[in-house]
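The next block is start25.pdb, given as PDB, C-alpha atoms, pLDDT in the B column.
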MODEL        1
ATOM      1  CA  MET G1063     -12.333   7.147   4.704  1.00 77.00           C
ATOM      2  CA  SER G1064      -9.807   7.560   1.935  1.00 90.00           C
ATOM      3  CA  ASN G1065      -9.945   6.550  -1.696  1.00 96.00           C
ATOM      4  CA  LEU G1066      -6.219   5.769  -1.612  1.00 98.00           C
ATOM      5  CA  LEU G1067      -4.037   4.961   1.396  1.00 98.00           C
ATOM      6  CA  GLY G1068      -0.262   5.124   1.152  1.00 98.00           C
ATOM      7  CA  ILE G1069       1.450   2.785   3.629  1.00 98.00           C
ATOM      8  CA  VAL G1070       5.124   3.490   4.305  1.00 98.00           C
ATOM      9  CA  GLY G1071       6.805   0.516   5.969  1.00 98.00           C
ATOM     10  CA  SER G1072       9.773   2.490   7.221  1.00 97.00           C
ATOM     11  CA  VAL G1073      10.843   3.552  10.698  1.00 96.00           C
ATOM     12  CA  SER G1074      12.990   6.384   9.295  1.00 95.00           C
ATOM     13  CA  ASN G1075      11.769   9.945   9.028  1.00 94.00           C
ATOM     14  CA  PRO G1076      12.599  11.450   6.580  1.00 94.00           C
ATOM     15  CA  SER G1077      12.330   8.352   4.419  1.00 97.00           C
ATOM     16  CA  LYS G1078      13.173   7.642   0.790  1.00 98.00           C
ATOM     17  CA  THR G1079      10.313   5.176   0.706  1.00 98.00           C
ATOM     18  CA  ARG G1080       7.918   7.864   1.911  1.00 98.00           C
ATOM     19  CA  THR G1081       9.124  10.174  -0.877  1.00 98.00           C
ATOM     20  CA  ALA G1082       8.269   7.516  -3.460  1.00 98.00           C
ATOM     21  CA  VAL G1083       4.842   6.759  -1.990  1.00 98.00           C
ATOM     22  CA  GLU G1084       3.990  10.468  -1.761  1.00 98.00           C
ATOM     23  CA  ILE G1085       4.773  10.996  -5.464  1.00 98.00           C
ATOM     24  CA  ALA G1086       2.346   8.212  -6.397  1.00 98.00           C
ATOM     25  CA  LEU G1087      -0.311   9.498  -3.965  1.00 98.00           C
ATOM     26  CA  GLN G1088      -0.050  13.055  -5.247  1.00 98.00           C
ATOM     27  CA  SER G1089      -0.319  11.960  -8.857  1.00 98.00           C
ATOM     28  CA  ALA G1090      -3.530  10.057  -8.129  1.00 98.00           C
ATOM     29  CA  ALA G1091      -4.971  12.960  -6.141  1.00 97.00           C
ATOM     30  CA  ASP G1092      -4.186  15.441  -8.910  1.00 97.00           C
ATOM     31  CA  ALA G1093      -5.613  13.231 -11.669  1.00 97.00           C
ATOM     32  CA  PHE G1094      -8.820  12.156  -9.954  1.00 96.00           C
ATOM     33  CA  ASP G1095      -9.549  14.704  -7.187  1.00 91.00           C
ATOM     34  CA  ILE G1096      -9.686  11.967  -4.556  1.00 96.00           C
ATOM     35  CA  GLU G1097      -9.081  11.732  -0.820  1.00 96.00           C
ATOM     36  CA  THR G1098      -5.696  10.280   0.110  1.00 98.00           C
ATOM     37  CA  GLU G1099      -4.143   9.380   3.453  1.00 98.00           C
ATOM     38  CA  LEU G1100      -0.616   8.455   4.476  1.00 98.00           C
ATOM     39  CA  LEU G1101       0.205   5.833   7.094  1.00 98.00           C
ATOM     40  CA  HIS G1102       3.940   6.189   7.781  1.00 98.00           C
ATOM     41  CA  LEU G1103       4.817   3.533  10.334  1.00 98.00           C
ATOM     42  CA  ALA G1104       7.627   5.706  11.739  1.00 98.00           C
ATOM     43  CA  GLU G1105       4.883   7.921  13.168  1.00 98.00           C
ATOM     44  CA  TYR G1106       2.931   5.103  14.840  1.00 98.00           C
ATOM     45  CA  ASP G1107       3.747   3.056  17.911  1.00 97.00           C
ATOM     46  CA  LEU G1108       2.201  -0.242  16.830  1.00 97.00           C
ATOM     47  CA  GLU G1109       1.633  -3.102  19.217  1.00 97.00           C
ATOM     48  CA  THR G1110       3.082  -6.462  18.263  1.00 96.00           C
ATOM     49  CA  ALA G1111       0.560  -8.705  16.546  1.00 95.00           C
ATOM     50  CA  ASP G1112      -0.538 -11.482  18.878  1.00 92.00           C
ATOM     51  CA  GLY G1113      -3.777 -12.809  17.407  1.00 86.00           C
ATOM     52  CA  ARG G1114      -6.176 -10.419  19.106  1.00 86.00           C
ATOM     53  CA  LYS G1115      -9.285  -9.261  17.266  1.00 84.00           C
ATOM     54  CA  LEU G1116      -9.172  -5.795  15.696  1.00 82.00           C
ATOM     55  CA  GLU G1117     -11.438  -4.249  18.301  1.00 85.00           C
ATOM     56  CA  GLN G1118      -9.070  -5.325  21.087  1.00 91.00           C
ATOM     57  CA  TYR G1119      -6.296  -3.007  19.897  1.00 93.00           C
ATOM     58  CA  SER G1120      -6.145   0.625  20.983  1.00 95.00           C
ATOM     59  CA  GLY G1121      -4.089   3.771  20.471  1.00 97.00           C
ATOM     60  CA  ASP G1122      -1.865   3.992  17.413  1.00 98.00           C
ATOM     61  CA  THR G1123      -2.537   0.380  16.478  1.00 97.00           C
ATOM     62  CA  ALA G1124      -6.306   0.932  16.370  1.00 95.00           C
ATOM     63  CA  ARG G1125      -5.830   4.173  14.388  1.00 97.00           C
ATOM     64  CA  ALA G1126      -3.569   2.473  11.822  1.00 97.00           C
ATOM     65  CA  LEU G1127      -5.967  -0.443  11.395  1.00 94.00           C
ATOM     66  CA  GLU G1128      -8.922   1.925  10.993  1.00 94.00           C
ATOM     67  CA  LEU G1129      -7.099   3.712   8.167  1.00 96.00           C
ATOM     68  CA  ILE G1130      -6.589   0.370   6.428  1.00 95.00           C
ATOM     69  CA  VAL G1131     -10.138  -0.875   7.004  1.00 92.00           C
ATOM     70  CA  SER G1132     -11.698   2.366   5.725  1.00 93.00           C
ATOM     71  CA  SER G1133      -9.632   2.709   2.534  1.00 95.00           C
ATOM     72  CA  GLU G1134     -10.598   1.628  -0.971  1.00 95.00           C
ATOM     73  CA  ALA G1135      -7.145   1.230  -2.560  1.00 98.00           C
ATOM     74  CA  TYR G1136      -3.561   1.065  -1.362  1.00 98.00           C
ATOM     75  CA  LEU G1137       0.009   1.970  -2.217  1.00 98.00           C
ATOM     76  CA  ILE G1138       2.425  -0.032  -0.089  1.00 98.00           C
ATOM     77  CA  GLY G1139       6.063   0.989   0.084  1.00 98.00           C
ATOM     78  CA  THR G1140       8.938  -0.540   2.017  1.00 98.00           C
ATOM     79  CA  PRO G1141      12.666  -0.335   2.334  1.00 97.00           C
ATOM     80  CA  VAL G1142      14.271  -3.698   1.636  1.00 97.00           C
ATOM     81  CA  TYR G1143      16.214  -5.385   4.425  1.00 93.00           C
ATOM     82  CA  ARG G1144      17.852  -8.780   3.908  1.00 89.00           C
ATOM     83  CA  GLY G1145      15.964  -9.261   0.655  1.00 89.00           C
ATOM     84  CA  SER G1146      12.499  -8.651   2.096  1.00 94.00           C
ATOM     85  CA  TYR G1147      10.131  -5.997   3.418  1.00 97.00           C
ATOM     86  CA  SER G1148      10.727  -4.334   6.764  1.00 97.00           C
ATOM     87  CA  GLY G1149       9.910  -5.938  10.099  1.00 97.00           C
ATOM     88  CA  VAL G1150       7.516  -3.151  11.046  1.00 98.00           C
ATOM     89  CA  LEU G1151       5.576  -3.741   7.820  1.00 98.00           C
ATOM     90  CA  LYS G1152       5.514  -7.494   8.514  1.00 98.00           C
ATOM     91  CA  ASN G1153       4.018  -6.730  11.925  1.00 97.00           C
ATOM     92  CA  LEU G1154       1.357  -4.543  10.287  1.00 97.00           C
ATOM     93  CA  PHE G1155       0.507  -7.334   7.841  1.00 97.00           C
ATOM     94  CA  ASP G1156       0.150  -9.692  10.830  1.00 95.00           C
ATOM     95  CA  LEU G1157      -2.383  -7.303  12.384  1.00 94.00           C
ATOM     96  CA  ILE G1158      -4.619  -7.151   9.297  1.00 92.00           C
ATOM     97  CA  PRO G1159      -7.434  -9.739   9.284  1.00 83.00           C
ATOM     98  CA  ARG G1160      -7.708 -12.202   6.410  1.00 80.00           C
ATOM     99  CA  GLY G1161     -10.945 -13.661   5.107  1.00 67.00           C
ATOM    100  CA  LYS G1162     -14.490 -12.547   5.905  1.00 57.00           C
ATOM    101  CA  TRP G1163     -14.642  -9.837   8.516  1.00 53.00           C
ATOM    102  CA  GLN G1164     -17.695  -8.209  10.092  1.00 53.00           C
ATOM    103  CA  SER G1165     -20.015  -9.657   7.401  1.00 45.00           C
ATOM    104  CA  ASP G1166     -18.156  -7.694   4.732  1.00 59.00           C
ATOM    105  CA  GLN G1167     -14.955  -8.235   2.819  1.00 60.00           C
ATOM    106  CA  ALA G1168     -11.690  -8.108   4.713  1.00 82.00           C
ATOM    107  CA  PRO G1169      -9.332  -5.161   4.283  1.00 87.00           C
ATOM    108  CA  LEU G1170      -7.260  -5.441   1.078  1.00 92.00           C
ATOM    109  CA  GLU G1171      -9.466  -8.233  -0.287  1.00 92.00           C
ATOM    110  CA  ASN G1172     -10.568  -7.542  -3.874  1.00 92.00           C
ATOM    111  CA  ARG G1173      -8.906  -4.129  -3.679  1.00 95.00           C
ATOM    112  CA  PRO G1174      -6.038  -2.764  -5.802  1.00 97.00           C
ATOM    113  CA  VAL G1175      -2.571  -2.526  -4.312  1.00 98.00           C
ATOM    114  CA  GLY G1176       0.366  -0.703  -5.907  1.00 98.00           C
ATOM    115  CA  LEU G1177       3.745  -1.911  -4.644  1.00 98.00           C
ATOM    116  CA  ILE G1178       6.952   0.088  -4.155  1.00 98.00           C
ATOM    117  CA  ALA G1179      10.314  -0.941  -2.697  1.00 98.00           C
ATOM    118  CA  THR G1180      13.519   0.978  -2.094  1.00 97.00           C
ATOM    119  CA  GLY G1181      16.983  -0.419  -1.513  1.00 96.00           C
ATOM    120  CA  ALA G1182      20.656   0.404  -1.520  1.00 93.00           C
ATOM    121  CA  THR G1183      21.486  -1.401  -4.771  1.00 92.00           C
ATOM    122  CA  ASP G1184      19.769  -3.345  -7.542  1.00 91.00           C
ATOM    123  CA  HIS G1185      20.529  -6.622  -5.745  1.00 88.00           C
ATOM    124  CA  HIS G1186      17.041  -6.576  -4.233  1.00 89.00           C
ATOM    125  CA  TYR G1187      14.952  -5.458  -7.219  1.00 88.00           C
ATOM    126  CA  LEU G1188      13.068  -8.770  -7.229  1.00 92.00           C
ATOM    127  CA  SER G1189      11.736  -8.058  -3.740  1.00 92.00           C
ATOM    128  CA  VAL G1190       8.661  -6.392  -5.250  1.00 94.00           C
ATOM    129  CA  SER G1191       7.604  -9.495  -7.175  1.00 94.00           C
ATOM    130  CA  GLN G1192       8.989 -12.156  -4.827  1.00 94.00           C
ATOM    131  CA  GLU G1193       8.179 -10.647  -1.431  1.00 95.00           C
ATOM    132  CA  LEU G1194       5.486  -7.970  -1.728  1.00 97.00           C
ATOM    133  CA  GLY G1195       3.581  -9.664  -4.561  1.00 96.00           C
ATOM    134  CA  PRO G1196       2.889 -12.877  -2.605  1.00 96.00           C
ATOM    135  CA  ILE G1197       1.671 -11.000   0.474  1.00 96.00           C
ATOM    136  CA  ALA G1198      -0.721  -8.985  -1.705  1.00 96.00           C
ATOM    137  CA  SER G1199      -1.983 -12.280  -3.157  1.00 95.00           C
ATOM    138  CA  PHE G1200      -2.336 -13.766   0.318  1.00 94.00           C
ATOM    139  CA  PHE G1201      -4.748 -10.977   1.235  1.00 94.00           C
ATOM    140  CA  GLY G1202      -6.713 -11.436  -1.985  1.00 93.00           C
ATOM    141  CA  ALA G1203      -5.691  -8.035  -3.362  1.00 96.00           C
ATOM    142  CA  TYR G1204      -5.200  -7.135  -7.012  1.00 97.00           C
ATOM    143  CA  GLN G1205      -1.614  -6.101  -7.676  1.00 97.00           C
ATOM    144  CA  VAL G1206      -1.339  -3.068  -9.954  1.00 97.00           C
ATOM    145  CA  GLY G1207       1.266  -3.673 -12.671  1.00 90.00           C
ATOM    146  CA  GLY G1208       4.647  -5.027 -11.708  1.00 83.00           C
ATOM    147  CA  GLY G1209       5.449  -2.624  -8.905  1.00 94.00           C
ATOM    148  CA  ILE G1210       8.450  -0.305  -8.728  1.00 98.00           C
ATOM    149  CA  TYR G1211      11.903  -0.787  -7.228  1.00 98.00           C
ATOM    150  CA  ILE G1212      14.130   2.247  -6.629  1.00 98.00           C
ATOM    151  CA  ASN G1213      17.813   2.030  -5.688  1.00 96.00           C
ATOM    152  CA  ALA G1214      19.890   4.573  -3.794  1.00 95.00           C
ATOM    153  CA  SER G1215      21.575   5.926  -6.931  1.00 96.00           C
ATOM    154  CA  GLN G1216      18.173   7.183  -8.125  1.00 97.00           C
ATOM    155  CA  PHE G1217      17.933   9.485  -5.106  1.00 97.00           C
ATOM    156  CA  ASP G1218      19.776  12.648  -4.188  1.00 96.00           C
ATOM    157  CA  ASP G1219      19.363  12.749  -0.435  1.00 91.00           C
ATOM    158  CA  HIS G1220      15.584  12.070  -0.185  1.00 93.00           C
ATOM    159  CA  ARG G1221      14.645  13.425  -3.607  1.00 96.00           C
ATOM    160  CA  ILE G1222      14.194  11.111  -6.604  1.00 98.00           C
ATOM    161  CA  VAL G1223      16.409  12.336  -9.444  1.00 97.00           C
ATOM    162  CA  ASP G1224      15.519   9.677 -12.010  1.00 97.00           C
ATOM    163  CA  ASP G1225      12.754  11.130 -14.204  1.00 98.00           C
ATOM    164  CA  GLU G1226      11.707   7.701 -15.469  1.00 98.00           C
ATOM    165  CA  ILE G1227      11.153   6.486 -11.909  1.00 98.00           C
ATOM    166  CA  VAL G1228       9.107   9.595 -11.090  1.00 98.00           C
ATOM    167  CA  GLN G1229       6.959   8.985 -14.158  1.00 98.00           C
ATOM    168  CA  ARG G1230       6.483   5.319 -13.244  1.00 98.00           C
ATOM    169  CA  LEU G1231       5.444   6.283  -9.708  1.00 98.00           C
ATOM    170  CA  GLN G1232       2.942   8.793 -11.078  1.00 98.00           C
ATOM    171  CA  THR G1233       1.528   6.148 -13.402  1.00 98.00           C
ATOM    172  CA  LEU G1234       1.314   3.643 -10.541  1.00 98.00           C
ATOM    173  CA  GLY G1235      -0.702   6.090  -8.431  1.00 98.00           C
ATOM    174  CA  LYS G1236      -3.157   6.833 -11.237  1.00 98.00           C
ATOM    175  CA  SER G1237      -3.400   3.175 -12.290  1.00 97.00           C
ATOM    176  CA  THR G1238      -4.281   2.137  -8.746  1.00 98.00           C
ATOM    177  CA  ILE G1239      -7.307   4.444  -8.780  1.00 97.00           C
ATOM    178  CA  GLU G1240      -8.269   3.397 -12.311  1.00 97.00           C
ATOM    179  CA  LEU G1241      -8.256  -0.254 -11.227  1.00 97.00           C
ATOM    180  CA  SER G1242     -10.229   0.616  -8.082  1.00 96.00           C
ATOM    181  CA  ARG G1243     -12.928   2.256 -10.185  1.00 95.00           C
ATOM    182  CA  TYR G1244     -13.008  -0.652 -12.609  1.00 95.00           C
ATOM    183  CA  ILE G1245     -13.409  -3.133  -9.746  1.00 94.00           C
ATOM    184  CA  ASP G1246     -16.246  -1.072  -8.262  1.00 88.00           C
ATOM    185  CA  GLU G1247     -18.014  -0.832 -11.632  1.00 87.00           C
ATOM    186  CA  SER G1248     -17.553  -4.523 -12.334  1.00 81.00           C
ATOM    187  CA  THR G1249     -18.872  -5.470  -8.884  1.00 68.00           C
ATOM    188  CA  PHE G1250     -21.892  -3.208  -9.338  1.00 58.00           C
ATOM    189  CA  LEU G1251     -22.724  -4.656 -12.764  1.00 59.00           C
ATOM    190  CA  SER G1252     -22.352  -8.203 -11.454  1.00 63.00           C
ATOM    191  CA  SER G1253     -24.819  -7.419  -8.673  1.00 61.00           C
ATOM    192  CA  LEU G1254     -27.449  -6.476 -11.289  1.00 62.00           C
ATOM    193  CA  GLY G1255     -27.570  -9.987 -12.671  1.00 61.00           C
ATOM    194  CA  PRO G1256     -26.741 -11.819 -15.916  1.00 62.00           C
ATOM    195  CA  GLN G1257     -28.391  -9.289 -18.254  1.00 57.00           C
ATOM    196  CA  PHE G1258     -25.400  -7.025 -17.618  1.00 49.00           C
TER     197      PHE G1258
ENDMDL
END
Since I need it in another form, could you write the structure as structure tokens?
Amino acid sequence: MSNLLGIVGSVSNPSKTRTAVEIALQSAADAFDIETELLHLAEYDLETADGRKLEQYSGDTARALELIVSSEAYLIGTPVYRGSYSGVLKNLFDLIPRGKWQSDQAPLENRPVGLIATGATDHHYLSVSQELGPIASFFGAYQVGGGIYINASQFDDHRIVDDEIVQRLQTLGKSTIELSRYIDESTFLSSLGPQF
């Protein structure tokens, strides 16, 4: 189980998107001494979603879904293709159950999600709010801030050279954990009844 799972929706390795997600993960780990995990889809051979139940998947698909199910908060990063998130990330979203699941909440539901996108130019900067934001809402997740878009000019090879972007990624990582803790506290207090 991880406190914060970074999901990299890229089939490239090395990956600029992975670099961005790792900066946010590391910042959260350093600030809060938490357990983090990284799910880089380039390292998993996922089956194509076809409506099966979670327990009917095996291998890499089952391992990826278990990481998602057992995590408390998420950072989701994707390269942008044709104005939207990657196909491999879309397939992962199609594998994740929505609504009540095993008498508990579904993965992502009522959990914080920080969103990151990378692209060649600024033409796709709205992909965070117009593509990733709605899918987070579909799953019932809480989006952390406005998300972060990073274009190719802010990288040197696979290293981010824009200090403001690095700082924003660090803040996103920490804010995701802060929101996770607030949600947990709020849920706990609500369970105690109206006196709280």
- From the set G:Leu1108, G:Leu1170, G:Leu1177, G:Leu1234, which residue has the shortest atom-to-atom contact distance to Val1073 of chain G, counting only C-alpha atoms?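 Among the listed residues, G:Leu1108 lies closest to Val1073 of chain G.
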- So which one's closest to Thr1081 of chain G, G:Leu1127, G:Val1228, G:Leu1188, G:Leu1241? Using only C-alpha atoms, please.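 Smallest distance to Thr1081 of chain G is found for G:Val1228.
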- Task: Find, counting all atoms listed in the file, the residue in G:Glu1084, G:Glu1105, G:Asp1122, G:Asp1246 that gets nearest to Leu1067 of chain G.
- Result: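 When distances to Leu1067 of chain G are compared using all atoms listed in the file, the smallest one comes from G:Glu1084.
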- Note on the structure: Nearest to Ile1130 of chain G, restricted to all atoms listed in the file and choosing among G:Thr1098, G:Gln1232, G:Thr1238, G:Ser1191, comes out as G:Thr1098
- Message: At a cut-off of 9 Å, using all atoms listed in the file, what residues contact segment 1133-1138 of chain G? Leave out same-chain residues fewer than 5 positions from it and give the result as number ranges by chain.
- Response: G: 1063-1071, 1083, 1086-1087, 1098-1099, 1128, 1169-1170, 1173-1179, 1194, 1234-1235, 1238-1239, 1241-1242
- With all atoms listed in the file as the atoms that count, which of G:Val1142, G:Leu1151, G:Ala1111, G:Ile1158 lies nearest to Ser1189 of chain G?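 Among G:Val1142, G:Leu1151, G:Ala1111, G:Ile1158, it is G:Val1142 that comes nearest to Ser1189 of chain G.
Interatomic distance, atom CA of Val1131 of chain G to atom CA of Leu1116 of chain G: 10.0 Å.
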